[in-house]
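Coordinates from target31.cif are shown below (mmCIF, C-alpha atoms and all ligand atoms).
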```
data_run
#
loop_
_atom_site.label_atom_id
_atom_site.label_comp_id
_atom_site.auth_asym_id
_atom_site.auth_seq_id
_atom_site.Cartn_x
_atom_site.Cartn_y
_atom_site.Cartn_z
CA MET A 1 149.73 -19.85 204.26
CA LYS A 2 149.54 -20.13 200.49
CA ILE A 3 145.94 -20.66 199.48
CA LEU A 4 145.96 -20.62 195.70
CA ASN A 5 148.65 -20.87 193.13
CA ILE A 6 147.71 -18.45 190.40
CA ASN A 7 150.86 -18.39 188.37
CA ASN A 8 149.42 -19.89 185.26
CA ASN A 9 146.28 -19.59 183.20
CA SER A 10 144.72 -22.84 184.28
CA ASN A 11 144.87 -21.74 187.92
CA ASN A 12 143.49 -18.31 187.01
CA PHE A 13 140.58 -20.13 185.45
CA LYS A 14 140.12 -22.02 188.72
CA ILE A 15 139.61 -18.77 190.62
CA LEU A 16 136.95 -17.64 188.14
CA ASP A 17 135.28 -20.99 188.57
CA GLN A 18 134.88 -20.66 192.35
CA LYS A 19 132.02 -19.28 194.40
CA ILE A 20 132.43 -15.62 195.38
CA GLY A 21 131.98 -16.47 199.07
CA ASP A 22 134.66 -19.16 198.91
CA ILE A 23 137.15 -16.76 197.30
CA LEU A 24 136.46 -14.18 199.98
CA ASN A 25 136.84 -16.76 202.75
CA LYS A 26 140.17 -17.94 201.41
CA ILE A 27 141.51 -14.51 200.48
CA PRO A 28 139.84 -11.78 202.59
CA PRO A 29 141.56 -8.85 200.78
CA THR A 30 139.45 -9.65 197.67
CA LYS A 31 136.69 -7.81 199.57
CA GLU A 32 138.09 -4.50 198.23
CA PHE A 33 137.80 -5.81 194.63
CA PHE A 34 134.20 -6.98 195.14
CA GLU A 35 133.24 -3.69 196.74
CA LYS A 36 134.94 -1.61 194.04
CA TYR A 37 132.90 -3.33 191.32
CA ASN A 38 129.70 -3.58 193.39
CA ILE A 39 129.82 -7.38 193.38
CA ASP A 40 127.52 -8.55 196.15
CA TYR A 41 129.63 -11.08 198.08
CA CYS A 42 126.96 -11.56 200.73
CA CYS A 43 123.67 -12.39 198.97
CA ASP A 44 125.44 -13.61 195.82
CA GLY A 45 128.17 -15.39 197.79
CA ARG A 46 127.12 -18.78 196.46
CA LYS A 47 127.29 -17.70 192.81
CA ILE A 48 130.27 -18.59 190.62
CA LEU A 49 132.55 -15.60 190.03
CA LYS A 50 132.78 -15.92 186.25
CA ASP A 51 128.95 -16.01 185.95
CA VAL A 52 128.63 -12.81 187.99
CA LEU A 53 131.43 -11.08 186.03
CA THR A 54 129.70 -11.98 182.76
CA GLU A 55 126.29 -10.89 184.09
CA MET A 56 127.76 -7.53 185.13
CA ASN A 57 129.80 -7.11 181.95
CA LEU A 58 133.02 -7.18 183.99
CA ASN A 59 134.58 -10.20 182.30
CA LYS A 60 137.51 -8.15 180.95
CA PRO A 61 141.23 -9.06 181.07
CA GLU A 62 142.26 -5.86 182.90
CA ILE A 63 139.62 -6.39 185.60
CA ILE A 64 140.53 -10.05 186.06
CA GLN A 65 144.20 -9.03 186.27
CA GLU A 66 143.28 -6.61 189.05
CA LEU A 67 141.71 -9.47 191.01
CA ILE A 68 144.74 -11.66 190.39
CA SER A 69 147.05 -8.96 191.77
CA ILE A 70 144.99 -8.81 194.96
CA VAL A 71 145.03 -12.60 195.23
CA GLU A 72 148.81 -12.62 194.78
CA ARG A 73 149.21 -10.03 197.52
CA GLY A 74 146.58 -11.53 199.78
CA CYS A 75 147.43 -15.18 200.09
CA GLU A 76 148.90 -14.73 203.54
CA PHE A 77 146.59 -14.43 206.54
CA LYS A 78 147.91 -11.78 208.86
CA PRO A 79 146.77 -12.19 212.48
CA SER A 80 145.75 -8.97 214.16
CA GLY A 81 143.66 -7.81 217.13
CA ASN A 82 139.96 -7.87 217.99
CA ASP A 83 137.84 -6.95 214.99
CA GLU A 84 140.45 -8.32 212.63
CA VAL A 85 139.91 -11.86 213.95
CA ILE A 86 137.33 -12.65 211.29
CA LYS A 87 139.85 -11.82 208.58
CA SER A 88 142.57 -13.98 210.02
CA THR A 89 140.70 -17.08 211.10
CA ASP A 90 140.35 -19.96 208.73
CA PHE A 91 136.71 -20.81 209.45
CA ILE A 92 136.51 -23.33 206.64
CA ASN A 93 138.50 -25.76 208.80
CA LYS A 94 136.66 -25.02 212.05
CA SER A 95 133.99 -27.33 213.45
CA ASN A 96 130.31 -26.34 213.54
CA GLN A 97 130.59 -25.87 217.30
CA GLU A 98 133.59 -23.53 216.91
CA VAL A 99 131.94 -21.46 214.17
CA ILE A 100 128.69 -21.17 216.15
CA ASP A 101 130.53 -20.26 219.38
CA TYR A 102 132.40 -17.54 217.50
CA ILE A 103 129.21 -16.14 215.94
CA LEU A 104 127.49 -16.05 219.32
CA SER A 105 130.31 -14.55 221.36
CA HIS A 106 131.76 -12.17 218.79
CA PHE A 107 128.81 -11.10 216.66
CA HIS A 108 125.54 -11.72 218.50
CA GLU A 109 126.74 -10.46 221.87
CA GLY A 110 128.43 -7.53 220.14
CA LEU A 111 125.19 -6.51 218.41
CA ARG A 112 123.19 -6.73 221.65
CA LYS A 113 125.62 -4.28 223.23
CA THR A 114 126.23 -1.96 220.27
CA LEU A 115 122.75 -1.45 218.84
CA PRO A 116 121.13 0.14 221.95
CA GLU A 117 124.23 2.36 222.40
CA LEU A 118 124.12 3.50 218.77
CA ASN A 119 120.39 4.18 218.88
CA ALA A 120 120.81 6.24 222.07
CA SER A 121 123.70 8.25 220.55
CA LEU A 122 121.70 8.95 217.41
CA LEU A 123 118.76 10.28 219.40
CA LYS A 124 121.14 12.69 221.18
CA ILE A 125 122.56 13.78 217.81
CA MET A 126 119.07 14.36 216.38
CA ARG A 127 118.19 16.63 219.29
CA ALA A 128 121.47 18.57 219.17
CA HIS A 129 121.55 19.05 215.37
CA ILE A 130 117.88 19.31 214.39
CA LYS A 131 118.28 22.83 213.00
CA LYS A 132 121.06 22.12 210.54
CA HIS A 133 120.95 18.41 209.73
CA LYS A 134 117.36 17.28 210.21
CA VAL A 135 117.12 15.39 206.88
CA LEU A 136 120.46 13.55 207.27
CA TYR A 137 120.08 12.39 210.87
CA TRP A 138 116.37 11.55 210.58
CA LYS A 139 117.10 9.32 207.60
CA LEU A 140 120.06 7.74 209.44
CA HIS A 141 117.76 7.08 212.39
CA GLU A 142 115.22 5.43 210.06
CA LEU A 143 117.87 3.12 208.57
CA LEU A 144 119.40 2.18 211.94
CA HIS A 145 115.92 1.54 213.27
CA LYS A 146 115.16 -0.75 210.32
CA LEU A 147 118.39 -2.70 210.90
CA THR A 148 117.76 -2.96 214.65
CA TYR A 149 114.20 -4.18 214.06
CA ILE A 150 115.40 -6.95 211.72
CA ILE A 151 118.42 -7.94 213.82
CA GLU A 152 116.59 -8.24 217.15
CA GLY A 153 114.32 -11.01 215.83
CA HIS A 154 117.04 -12.40 213.59
CA LEU A 155 119.38 -13.25 216.48
CA ILE A 156 116.57 -15.03 218.35
CA LEU A 157 115.62 -16.99 215.22
CA GLU A 158 119.19 -18.23 214.74
CA GLU A 159 119.78 -19.02 218.41
CA GLU A 160 116.45 -20.80 219.04
CA ASN A 161 115.62 -22.49 215.74
CA ILE A 162 118.92 -23.01 213.95
CA PHE A 163 122.20 -23.27 215.86
CA ASN A 164 121.25 -25.80 218.57
CA THR A 165 119.49 -28.01 216.06
CA MET A 166 122.57 -27.94 213.83
CA LEU A 167 124.69 -29.29 216.68
CA ASN A 168 122.06 -31.93 217.50
CA VAL A 169 121.92 -33.03 213.84
CA GLU A 170 125.68 -33.42 213.90
CA LYS A 171 125.47 -35.56 217.06
CA GLY A 172 122.73 -37.70 215.51
CA LYS A 173 120.15 -36.55 218.06
CA VAL A 174 117.86 -34.98 215.42
CA SER A 175 116.81 -36.90 212.33
CA LYS A 176 116.06 -35.44 208.92
CA ASP A 177 112.41 -36.43 209.06
CA SER A 178 111.81 -34.66 212.38
CA LYS A 179 109.80 -31.47 212.84
CA GLU A 180 112.86 -29.85 214.47
CA TYR A 181 114.95 -30.48 211.33
CA LYS A 182 112.25 -28.96 209.11
CA THR A 183 112.08 -25.91 211.40
CA MET A 184 115.87 -25.53 211.20
CA MET A 185 115.89 -25.70 207.38
CA GLU A 186 113.06 -23.15 207.17
CA GLY A 187 114.92 -21.00 209.68
CA ILE A 188 118.07 -21.05 207.52
CA GLN A 189 116.08 -19.81 204.51
CA GLU A 190 114.43 -17.13 206.62
CA SER A 191 117.78 -16.05 208.02
CA MET A 192 119.30 -15.78 204.53
CA ASN A 193 116.31 -13.73 203.37
CA GLU A 194 116.86 -11.36 206.28
CA HIS A 195 120.58 -11.11 205.45
CA SER A 196 119.59 -10.01 201.97
CA ILE A 197 117.54 -7.16 203.45
CA MET A 198 120.43 -6.06 205.68
CA GLY A 199 122.87 -5.68 202.75
CA PRO A 200 120.95 -2.99 200.82
CA THR A 201 120.11 -1.17 204.09
CA LEU A 202 123.82 -1.02 204.93
CA LYS A 203 124.59 0.22 201.42
CA GLU A 204 121.99 2.96 201.81
CA MET A 205 123.51 3.95 205.15
CA ALA A 206 127.01 4.09 203.67
CA SER A 207 125.84 6.20 200.75
CA LEU A 208 123.84 8.57 203.00
CA THR A 209 126.88 9.19 205.22
CA ASN A 210 129.32 9.43 202.32
CA ASN A 211 130.96 6.24 203.49
CA TYR A 212 130.85 7.32 207.12
CA THR A 213 132.55 10.68 206.61
CA PRO A 214 131.17 13.02 209.28
CA PRO A 215 129.94 16.48 208.13
CA GLU A 216 132.54 19.25 208.45
CA ASP A 217 130.86 20.78 211.47
CA ALA A 218 130.51 17.42 213.25
CA CYS A 219 130.87 17.33 217.03
CA GLN A 220 132.75 14.53 218.81
CA THR A 221 129.53 12.54 219.40
CA VAL A 222 128.82 12.52 215.66
CA ILE A 223 132.41 11.55 214.85
CA ASN A 224 132.33 8.65 217.35
CA THR A 225 128.90 7.49 216.21
CA TYR A 226 129.95 7.47 212.53
CA LYS A 227 133.00 5.41 213.51
CA GLU A 228 130.81 2.92 215.38
CA LEU A 229 128.30 2.74 212.51
CA HIS A 230 131.15 1.98 210.14
CA LYS A 231 132.33 -0.79 212.46
CA LEU A 232 128.76 -2.10 212.64
CA GLN A 233 128.71 -2.33 208.85
CA ASP A 234 132.00 -4.29 208.74
CA HIS A 235 130.84 -6.63 211.48
CA LEU A 236 127.48 -7.31 209.89
CA LEU A 237 129.05 -8.05 206.52
CA ALA A 238 131.59 -10.43 208.09
CA HIS A 239 128.85 -11.99 210.24
CA THR A 240 126.40 -12.66 207.40
CA GLN A 241 129.23 -13.80 205.16
CA LEU A 242 130.32 -16.40 207.73
CA GLU A 243 126.76 -17.70 208.06
CA ASN A 244 125.77 -17.57 204.36
CA ASN A 245 128.99 -18.91 202.91
CA ILE A 246 130.44 -21.23 205.56
CA LEU A 247 127.96 -22.42 208.18
CA PHE A 248 124.64 -22.68 206.31
CA PRO A 249 125.95 -24.48 203.20
CA ARG A 250 127.18 -27.31 205.47
CA PHE A 251 123.51 -28.14 206.05
CA LEU A 252 121.91 -26.87 202.82
CA ASN A 253 124.21 -28.95 200.65
CA LYS A 254 123.51 -32.23 202.48
FE FE A 301 123.97 -14.51 213.24
FE FE A 302 122.43 -14.06 210.52
#
```
Output the file's structure in the form of structure tokens.
Amino acid sequence: MKILNINNNSNNFKILDQKIGDILNKIPPTKEFFEKYNIDYCCDGRKILKDVLTEMNLNKPEIIQELISIVERGCEFKPSGNDEVIKSTDFINKSNQEVIDYILSHFHEGLRKTLPELNASLLKIMRAHIKKHKVLYWKLHELLHKLTYIIEGHLILEEENIFNTMLNVEKGKVSKDSKEYKTMMEGIQESMNEHSIMGPTLKEMASLTNNYTPPEDACQTVINTYKELHKLQDHLLAHTQLENNILFPRFLNK
């Protein structure tokens, strides 16, 4: 599916004029460009690309050309299995119910299963490797603990105060002057604030683990846990991106 025609300058300008989150939603491979240049596509997803490039002193022809090459290569969505679903599904055209169902079944349920398993594995690793890697694994434990602490309450907040009300607003069962509506809007802001705490924590985790490269002497438990932590990072970024850039703006912009 061709998303953008970028074969002339006026269309190139159009890309620069779009929100970072929208570009990422339409052309998922642009993620590698944003990550390479440390452009925050999660918390800054609603900012216009050209403003961010100017702010970061990246508004240079060779850098823009690099983005254009990715866009040219990435206009086709390629369906693949399981964790790739987020990259291949066009959520912009899905209903609120479909987006929420996907978030709940794919991301929320996944986190409720993965987080306790990861925490348990990390405790085993800390005990087995305390002599050689105390600093590394203790810090990793601290970061995972911080993420778990935020996420546990975060999922409840979204499920109890946001998602159901969104569906009821859509059906006309909740009016804009109701207490429930106010609670939902406050919940959305709170949720976005929490997303913006998760991003830097994930970055710290990636930097601590050298982008999830296990130490040379790593045992199989460490190797598997690093792999799962890496997957957790990808899932959380996709999850927050879907909420911040697709679902929430449908209500914030009304
Ligand atoms: Fe969520
Ligand atoms: Fe969230």
Subject >> Within 8 Å of ligand FE 302 (chain A), counting all atoms listed in the file, residues as a PyMOL selection string >> reply: chain A and resi 154-155+158+191-192+194-195+239-240+243-244
**OP:** Can you tell me which residues come within 12 Å of ligand FE 301 (chain A) when counting all atoms listed in the file, ideally as number ranges by chain?
**Re:** A: 99-112, 150-163, 187-188, 190-192, 194-195, 198, 235-244, 247-248
Put those residues in a file: C-alpha atoms, as a short mmCIF file (atom, residue, chain, number, x, y, z; two decimals), in the coordinates of the input.
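What follows is the written file result_35.cif:
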```cif
data_model
loop_
_atom_site.label_atom_id
_atom_site.label_comp_id
_atom_site.auth_asym_id
_atom_site.auth_seq_id
_atom_site.Cartn_x
_atom_site.Cartn_y
_atom_site.Cartn_z
CA VAL A 99 131.94 -21.46 214.17
CA ILE A 100 128.69 -21.17 216.15
CA ASP A 101 130.53 -20.26 219.38
CA TYR A 102 132.40 -17.54 217.50
CA ILE A 103 129.21 -16.14 215.94
CA LEU A 104 127.49 -16.05 219.32
CA SER A 105 130.31 -14.55 221.36
CA HIS A 106 131.76 -12.17 218.79
CA PHE A 107 128.81 -11.10 216.66
CA HIS A 108 125.54 -11.72 218.50
CA GLU A 109 126.74 -10.46 221.87
CA GLY A 110 128.43 -7.53 220.14
CA LEU A 111 125.19 -6.51 218.41
CA ARG A 112 123.19 -6.73 221.65
CA ILE A 150 115.40 -6.95 211.72
CA ILE A 151 118.42 -7.94 213.82
CA GLU A 152 116.59 -8.24 217.15
CA GLY A 153 114.32 -11.01 215.83
CA HIS A 154 117.04 -12.40 213.59
CA LEU A 155 119.38 -13.25 216.48
CA ILE A 156 116.57 -15.03 218.35
CA LEU A 157 115.62 -16.99 215.22
CA GLU A 158 119.19 -18.23 214.74
CA GLU A 159 119.78 -19.02 218.41
CA GLU A 160 116.45 -20.80 219.04
CA ASN A 161 115.62 -22.49 215.74
CA ILE A 162 118.92 -23.01 213.95
CA PHE A 163 122.20 -23.27 215.86
CA GLY A 187 114.92 -21.00 209.68
CA ILE A 188 118.07 -21.05 207.52
CA GLU A 190 114.43 -17.13 206.62
CA SER A 191 117.78 -16.05 208.02
CA MET A 192 119.30 -15.78 204.53
CA GLU A 194 116.86 -11.36 206.28
CA HIS A 195 120.58 -11.11 205.45
CA MET A 198 120.43 -6.06 205.68
CA HIS A 235 130.84 -6.63 211.48
CA LEU A 236 127.48 -7.31 209.89
CA LEU A 237 129.05 -8.05 206.52
CA ALA A 238 131.59 -10.43 208.09
CA HIS A 239 128.85 -11.99 210.24
CA THR A 240 126.40 -12.66 207.40
CA GLN A 241 129.23 -13.80 205.16
CA LEU A 242 130.32 -16.40 207.73
CA GLU A 243 126.76 -17.70 208.06
CA ASN A 244 125.77 -17.57 204.36
CA LEU A 247 127.96 -22.42 208.18
CA PHE A 248 124.64 -22.68 206.31
#
```
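For the pair CA of Ala120 (chain A) and CA of Asn193 (chain A), the interatomic distance is 27.7 Å.
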Give me the residues of region 53-163 of chain A that have any atom at most 10 Å from an atom of region 214-223 of chain A; for each, the nearest atom pair and the distance in Å, rounded to one decimal. Use all atoms listed in the file, sort by chain and number, and format it as a Markdown table.
```
| residue | atom | partner | partner_atom | distance |
| --- | --- | --- | --- | --- |
| A:Ser121 | CA | A:Thr221 | CA | 7.3 |
| A:Leu122 | CA | A:Val222 | CA | 8.2 |
| A:Lys124 | CA | A:Thr221 | CA | 8.6 |
| A:Ile125 | CA | A:Val222 | CA | 6.7 |
| A:Met126 | CA | A:Val222 | CA | 9.9 |
| A:Ala128 | CA | A:Cys219 | CA | 9.7 |
| A:His129 | CA | A:Ala218 | CA | 9.4 |
| A:Lys132 | CA | A:Asp217 | CA | 9.9 |
| A:His133 | CA | A:Pro215 | CA | 9.3 |
| A:Leu136 | CA | A:Pro215 | CA | 10.0 |
| A:Tyr137 | CA | A:Val222 | CA | 10.0 |
```
**OP:** Between A:Ile92, A:Cys42, A:Leu49, A:Leu118, single out the one closest to Asp234 (chain A), counting all atoms listed in the file.
**Re:** A:Cys42
**OP:** For Lys171 (chain A), please output as an MDAnalysis selection string all residues within 12 Å (counting only C-alpha atoms; exclusion window: fewer than 5 positions along the same chain).
**Re:** chainID A and resid 96:97 164:166
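For the pair CA of Leu144 (chain A) and CA of Gly21 (chain A), the separation is 25.9 Å.
CA of Asn57 (chain A) is positioned 12.0 Å from CA of Asn38 (chain A).
With all atoms listed in the file as the basis for measurement, A:Leu208 is the residue among A:Leu208, A:Leu229, A:Leu53, A:Ile70 that approaches Trp138 (chain A) most closely.
Residue nearest Leu140 (chain A) within the list A:Glu180, A:Pro61, A:Thr225, A:Gly199: A:Thr225 [criterion: smallest interatomic distance, all atoms listed in the file].
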